[in-house]
$ cat entry-v3.txt   # compact mmCIF, C-alpha atoms
# COMPACT_ATOMS: atom_id res chain seq x y z
CA MET A 1 19.18 -20.65 36.99
CA SER A 2 18.04 -23.36 34.58
CA LYS A 3 19.36 -22.72 31.06
CA ALA A 4 16.07 -23.91 29.53
CA TYR A 5 14.03 -21.64 31.80
CA ASP A 6 16.25 -18.64 31.11
CA THR A 7 16.08 -19.30 27.36
CA TYR A 8 12.30 -19.63 27.43
CA ARG A 9 11.75 -16.39 29.36
CA LYS A 10 14.22 -14.30 27.38
CA LEU A 11 12.95 -15.45 23.98
CA PHE A 12 9.21 -15.64 24.67
CA THR A 13 8.99 -12.62 26.98
CA SER A 14 11.74 -11.19 29.21
CA ALA A 15 13.96 -12.10 32.14
CA SER A 16 12.60 -9.03 33.91
CA ASP A 17 8.95 -8.46 34.76
CA GLY A 18 7.01 -6.40 32.26
CA VAL A 19 5.01 -6.56 29.02
CA VAL A 20 6.00 -7.48 25.47
CA CYS A 21 3.89 -8.12 22.38
CA TRP A 22 3.90 -10.72 19.65
CA TRP A 23 2.26 -9.79 16.34
CA TYR A 24 0.53 -12.59 14.44
CA LEU A 25 -0.57 -12.71 10.80
CA GLY A 26 -2.11 -15.93 9.55
CA THR A 27 -4.32 -17.25 6.79
CA ALA A 28 -7.27 -19.45 7.69
CA PHE A 29 -8.03 -22.39 5.40
CA VAL A 30 -10.94 -24.81 5.30
CA GLU A 31 -10.40 -28.46 4.38
CA VAL A 32 -13.59 -30.19 3.24
CA GLU A 33 -13.62 -33.84 2.27
CA GLY A 34 -13.38 -34.21 -1.50
CA PHE A 35 -12.07 -30.68 -2.13
CA PRO A 36 -8.64 -29.01 -2.03
CA GLU A 37 -7.65 -26.69 0.79
CA VAL A 38 -9.47 -23.36 0.39
CA PRO A 39 -8.29 -20.03 1.89
CA VAL A 40 -11.03 -18.19 3.79
CA THR A 41 -9.74 -15.17 5.69
CA GLN A 42 -6.61 -13.64 7.21
CA ALA A 43 -6.28 -12.98 10.92
CA GLU A 44 -4.09 -10.14 12.13
CA THR A 45 -3.62 -9.93 15.88
CA ILE A 46 -1.56 -8.44 18.67
CA MET A 47 -0.96 -10.58 21.74
CA ALA A 48 0.35 -8.89 24.87
CA TYR A 49 2.28 -11.00 27.39
CA LYS A 50 2.92 -9.82 30.96
CA THR A 51 5.59 -11.64 32.96
CA GLU A 52 5.53 -11.82 36.76
CA THR A 53 8.28 -13.64 38.65
CA LEU A 54 6.92 -16.14 41.20
CA GLY A 55 10.24 -17.48 42.48
CA PRO A 56 13.82 -18.17 41.39
CA ASP A 57 12.66 -20.90 38.98
CA SER A 58 9.09 -19.96 38.09
CA CYS A 59 7.01 -17.18 36.62
CA LYS A 60 3.49 -16.37 35.46
CA ILE A 61 2.93 -15.11 31.89
CA SER A 62 -0.52 -13.56 31.47
CA TRP A 63 -1.70 -13.01 27.91
CA TRP A 64 -4.44 -11.07 26.17
CA GLU A 65 -5.22 -10.77 22.47
CA ILE A 66 -7.15 -8.56 20.05
CA GLY A 67 -7.49 -9.27 16.37
CA TYR A 68 -9.39 -8.52 13.20
CA PHE A 69 -10.05 -10.46 10.00
CA ARG A 70 -9.25 -9.19 6.54
CA ASP A 71 -10.27 -10.28 3.07
CA PRO A 72 -7.34 -12.20 1.50
CA ILE A 73 -8.13 -10.71 -1.93
CA THR A 74 -8.71 -7.03 -1.14
CA GLY A 75 -6.72 -6.79 2.10
CA GLN A 76 -9.61 -4.84 3.63
CA PRO A 77 -11.39 -5.83 6.87
CA SER A 78 -13.80 -8.61 5.98
CA GLU A 79 -17.56 -8.62 6.44
CA THR A 80 -18.65 -11.61 4.36
CA TRP A 81 -17.11 -14.62 2.67
CA LEU A 82 -18.10 -16.27 -0.61
CA ASN A 83 -17.99 -20.01 0.01
CA PRO A 84 -16.68 -21.34 -3.33
CA ILE A 85 -17.83 -24.87 -2.59
CA THR A 86 -21.48 -24.05 -1.84
CA GLY A 87 -21.66 -20.81 -3.86
CA GLN A 88 -23.23 -19.03 -0.89
CA ARG A 89 -22.04 -15.73 0.58
CA VAL A 90 -22.03 -15.87 4.39
CA LYS A 91 -21.45 -13.40 7.20
CA ALA A 92 -17.86 -13.67 8.45
CA PRO A 93 -16.34 -12.58 11.78
CA GLN A 94 -14.74 -9.15 11.75
CA LYS A 95 -12.92 -9.13 15.08
CA PHE A 96 -12.28 -11.04 18.30
CA GLU A 97 -10.79 -10.56 21.73
CA GLU A 98 -9.50 -13.25 24.05
CA GLY A 99 -8.07 -13.29 27.52
CA PRO A 100 -6.76 -12.76 29.97
CA ALA A 101 -5.34 -16.26 30.22
CA TYR A 102 -2.03 -17.30 31.70
CA TYR A 103 0.90 -19.68 31.56
CA THR A 104 2.80 -20.85 34.63
CA VAL A 105 6.42 -21.61 33.71
CA THR A 106 8.61 -23.75 35.97
CA ALA A 107 12.20 -24.94 35.62
CA LYS A 108 12.34 -28.73 36.06
CA SER A 109 16.04 -29.13 35.26
CA ASP A 110 18.76 -27.34 33.32
CA THR A 111 17.31 -28.67 30.05
CA VAL A 112 13.60 -29.01 30.81
CA VAL A 113 10.94 -26.37 31.39
CA GLU A 114 7.33 -27.17 32.30
CA VAL A 115 4.50 -24.90 31.17
CA ASP A 116 0.88 -25.05 32.32
CA LEU A 117 -1.93 -23.06 30.70
CA VAL A 118 -5.23 -21.77 32.11
CA GLN A 119 -7.50 -20.48 29.32
CA ALA A 120 -11.18 -19.74 29.95
CA GLN A 121 -12.24 -20.28 26.32
CA ALA A 122 -10.56 -23.68 26.06
CA LYS A 123 -10.16 -27.01 27.78
CA VAL A 124 -6.42 -27.64 27.83
CA ARG A 125 -5.50 -31.31 27.43
CA SER A 126 -1.71 -31.02 27.26
CA LEU A 127 1.14 -28.59 26.67
CA THR A 128 4.68 -29.54 25.73
CA VAL A 129 7.82 -27.47 25.13
CA GLU A 130 10.86 -28.59 23.11
CA ILE A 131 14.01 -26.43 22.99
CA THR A 132 16.62 -27.27 20.35
CA GLU A 133 19.71 -25.53 18.95
CA ALA A 134 21.58 -25.59 15.64
CA ASP A 135 24.03 -23.22 13.96
CA GLY A 136 23.82 -20.69 16.76
CA GLN A 137 20.04 -20.44 16.60
CA VAL A 138 17.59 -21.58 19.27
CA GLN A 139 14.17 -22.99 18.43
CA ILE A 140 11.31 -23.30 20.92
CA LEU A 141 8.43 -25.51 19.79
CA GLN A 142 5.36 -25.21 22.01
CA THR A 143 2.43 -27.54 21.32
CA GLU A 144 -0.94 -26.97 23.00
CA VAL A 145 -3.68 -29.61 22.66
CA LYS A 146 -7.16 -28.34 23.56
CA VAL A 147 -10.87 -28.33 22.94
CA ARG A 148 -11.95 -24.92 21.66
CA GLY A 149 -13.56 -23.09 18.74
CA PHE A 150 -12.97 -20.47 16.06
CA PRO A 151 -14.61 -17.05 16.51
CA ARG A 152 -18.27 -17.04 15.49
CA ALA A 153 -19.65 -14.68 12.84
CA ASP A 154 -20.39 -12.09 15.54
CA GLY A 155 -16.81 -12.31 16.86
CA SER A 156 -17.70 -14.12 20.09
CA LEU A 157 -15.65 -17.13 21.16
CA PRO A 158 -17.52 -20.42 21.64
CA ASP A 159 -17.69 -22.05 25.03
CA PRO A 160 -15.47 -25.18 24.96
CA ASP A 161 -18.51 -27.26 25.98
CA SER A 162 -20.63 -26.01 23.05
CA SER A 163 -21.24 -27.68 19.71
CA ASP A 164 -19.09 -24.98 18.06
CA ALA A 165 -15.97 -26.31 19.79
CA SER A 166 -13.86 -29.26 18.69
CA ALA A 167 -10.47 -30.86 19.21
CA ALA A 168 -7.74 -28.31 18.49
CA GLU A 169 -3.98 -27.99 18.39
CA THR A 170 -1.87 -24.84 18.51
CA GLN A 171 1.84 -24.85 17.71
CA LEU A 172 4.11 -21.87 18.33
CA ILE A 173 7.61 -21.97 16.85
CA MET A 174 9.98 -19.25 18.10
CA PHE A 175 13.51 -18.60 16.87
CA GLY A 176 16.28 -16.55 18.48
CA SER A 177 20.04 -16.13 18.58
CA ARG A 178 21.98 -18.09 21.20
CA ALA A 179 24.59 -15.32 21.34
CA GLU A 180 21.89 -12.77 22.11
CA LEU A 181 20.22 -15.05 24.65
CA ASP A 182 23.55 -15.48 26.44
CA GLY A 183 24.23 -11.75 26.40
CA GLY A 184 23.52 -9.33 29.20
CA ALA A 185 20.15 -8.05 27.95
CA ASP A 186 16.94 -9.09 29.69
CA GLU A 187 15.33 -10.26 26.46
CA ALA A 188 16.19 -11.43 22.97
CA GLN A 189 14.67 -10.67 19.60
CA GLY A 190 12.21 -13.31 18.48
CA THR A 191 10.48 -14.34 15.29
CA GLY A 192 8.60 -17.46 14.30
CA ALA A 193 5.56 -19.20 12.91
CA TYR A 194 2.35 -20.72 14.20
CA THR A 195 -0.40 -23.14 13.27
CA PHE A 196 -3.87 -23.57 14.73
CA ARG A 197 -5.85 -26.67 13.73
CA LEU A 198 -9.49 -27.46 14.40
CA ALA A 199 -11.07 -30.86 13.87
CA SER A 200 -14.12 -29.28 12.19
CA PRO A 201 -14.83 -26.09 10.21
CA PRO A 202 -16.64 -23.26 12.02
CA ALA A 203 -20.43 -23.42 11.60
CA TRP A 204 -20.61 -19.90 10.09
CA MET A 205 -18.78 -21.11 6.97
CA GLY A 206 -21.97 -22.90 5.94
CA PHE A 207 -20.80 -26.46 5.30
CA GLY A 208 -23.55 -28.11 7.33
CA ASP A 209 -22.90 -31.83 7.75
CA ARG A 210 -19.97 -31.96 5.33
CA LYS A 211 -16.92 -33.49 6.95
CA GLY A 212 -13.86 -31.30 7.17
CA SER A 213 -11.43 -29.37 9.30
CA SER A 214 -9.86 -25.92 9.42
CA LEU A 215 -6.36 -24.59 9.77
CA VAL A 216 -4.70 -21.24 10.42
CA ARG A 217 -1.01 -20.86 9.70
CA GLY A 218 1.15 -17.80 9.64
CA VAL A 219 4.02 -15.76 11.00
CA MET A 220 4.66 -14.19 14.39
CA HIS A 221 7.17 -11.58 15.52
CA LYS A 222 8.10 -10.11 18.90
CA ALA A 223 8.08 -6.36 19.55
CA PRO A 224 8.08 -3.86 22.42
CA VAL A 225 4.60 -3.29 23.79
CA ASN A 226 3.83 -0.03 21.97
CA GLU A 227 5.94 -0.43 18.84
CA LYS A 228 3.83 -0.07 15.68
CA LEU A 229 5.35 -3.05 13.95
CA ASN A 230 2.62 -2.84 11.30
CA PRO A 231 1.14 0.68 11.29
CA ILE A 232 -1.84 -0.31 9.12
CA ALA A 233 -2.81 -3.15 11.45
CA TRP A 234 -2.24 -0.91 14.49
CA ASP A 235 -4.58 1.79 13.13
CA ARG A 236 -7.24 -0.76 12.18
CA LEU A 237 -7.15 -2.41 15.60
CA LYS A 238 -7.27 0.99 17.27
CA ALA A 239 -10.39 1.89 15.24
CA ILE A 240 -12.05 -1.47 15.97
CA PHE A 241 -11.10 -1.53 19.68
CA PRO A 242 -11.01 2.16 20.73
CA ASP A 243 -11.44 1.27 24.41
CA ARG A 244 -8.28 -0.89 24.29
CA PHE A 245 -6.06 2.06 23.39
CA GLU A 246 -5.22 5.28 25.18
CA GLY A 247 -3.65 7.77 22.82
CA GLU A 248 -0.90 5.86 21.06
CA GLU A 249 -0.60 3.17 23.73
CA ILE A 250 -2.29 -0.20 23.86
CA ARG A 251 -4.17 -1.01 27.08
CA PRO A 252 -4.28 -4.77 27.67
CA VAL A 253 -6.96 -6.25 29.92
CA TRP A 254 -5.41 -8.29 32.69
CA GLY A 255 -8.58 -9.09 34.63

$ encode --input "entry-v3.txt" --output "structure tokens"
Amino acid sequence: MSKAYDTYRKLFTSASDGVVCWWYLGTAFVEVEGFPEVPVTQAETIMAYKTETLGPDSCKISWWEIGYFRDPITGQPSETWLNPITGQRVKAPQKFEEGPAYYTVTAKSDTVVEVDLVQAQAKVRSLTVEITEADGQVQILQTEVKVRGFPRADGSLPDPDSSDASAAETQLIMFGSRAELDGGADEAQGTGAYTFRLASPPAWMGFGDRKGSSLVRGVMHKAPVNEKLNPIAWDRLKAIFPDRFEGEEIRPVWG
């Protein structure tokens, strides 16, 4: 088996078929011409990834995500946002759900893995994967260039052909131990960081024709599918999305 492909599967998901989760916590900033970067909201999400082997050198990774937004000052779920540049208080998104979407992962050589993405709420322009190693640690850098939007005030996701969508780039950076990846377990522990850039700020922020952009950056961490990595976030998501949980288990939507 390709070393790059094996590394990618074990760190991102698992060498065996099944479901894992990555927990994301990021802060969204708006960048308006003539002003410093301004924090807006924090997004806390759980993304479930289901791996299905397609052949000896390929697999399908379906993903689905639920998330909520919290006020960066109070830490409570957000309802509105005070735009400090305009002085206006606006309605802010409280939650969002996306997916299912899926990656197709294929080994191209011992050092190269190719990943394709199908995502209904985005037009994918390119996706690249770089795997590097230093000091016994492996880093996977995945860069996704798309056209898409930020959740609207009502939580819905814009159609990529709508005026609410713009050029976007997502970067996922995942770190893991080479010793663990080379061990006998089907998967390795993973932690990392992510950024999500949009060429324009969401319309709900109330900037009108002002030129600007927006950015989300934060941390991400891998966990078993029903591990309550953050119990507060788990309970909030369960209250917001009651139909996506059954008892104490999350119920992803795979289509």

$ atom_distance --input "entry-v3.txt" --atom1 "atom CA of Gly136 of chain A" --atom2 "atom CA of Ser177 of chain A"
6.2 Å

$ atom_distance --input "entry-v3.txt" --atom1 "atom CA of Ile232 of chain A" --atom2 "atom CA of Glu97 of chain A"
18.6 Å

$ closest_residue --input "entry-v3.txt" --among "A:Gly184, A:Gly176, A:Pro202, A:Gly26" --to "Ala153 of chain A" --atoms "all atoms listed in the file"
A:Pro202

$ closest_residue --input "entry-v3.txt" --among "A:Glu98, A:Asp57, A:Asp154, A:Glu44" --to "Asp235 of chain A" --atoms "all atoms listed in the file"
A:Glu44

$ closest_residue --input "entry-v3.txt" --among "A:Pro224, A:Ile66, A:Ile73, A:Ile140" --to "Asp243 of chain A" --atoms "only C-alpha atoms"
A:Ile66

$ closest_residue --input "entry-v3.txt" --among "A:Ala122, A:Val219, A:Leu11, A:Val38" --to "Ala185 of chain A" --atoms "all atoms listed in the file"
A:Leu11

$ residues_around --input "entry-v3.txt" --residues "Pro158 of chain A" --least-positions-apart "6" --cutoff "8 Å" --atoms "all atoms listed in the file" --output "list in words"
Gln121, Arg148, Gly149, Phe150, Pro151, Arg152, Asp164 and Ala165 of chain A

$ residues_around --input "entry-v3.txt" --residues "segment 114-120 of chain A" --least-positions-apart "3" --cutoff "8 Å" --atoms "only C-alpha atoms" --output "PyMOL selection string"
chain A and resi 99-108+123-124+127-129

$ residues_around --input "entry-v3.txt" --residues "Glu248 of chain A" --least-positions-apart "4" --cutoff "12 Å" --atoms "all atoms listed in the file" --output "ChimeraX atom specification"
/A:225-228,231,234-235,237-239,242-244

$ closest_residue --input "entry-v3.txt" --among "A:Gln94, A:Thr41, A:Gln137, A:Thr143" --to "Ser156 of chain A" --atoms "only C-alpha atoms"
A:Gln94

$ axis_aligned_box --input "entry-v3.txt" --around "segment 193-204 of chain A" --padding-each-side "4 Å" --output "lines of an AutoDock Vina configuration file"
center_x = -7.5
center_y = -25.0
center_z = 12.4
size_x = 34.2
size_y = 19.7
size_z = 12.6

$ atom_distance --input "entry-v3.txt" --atom1 "atom CA of Val32 of chain A" --atom2 "atom CA of Gln88 of chain A"
15.3 Å
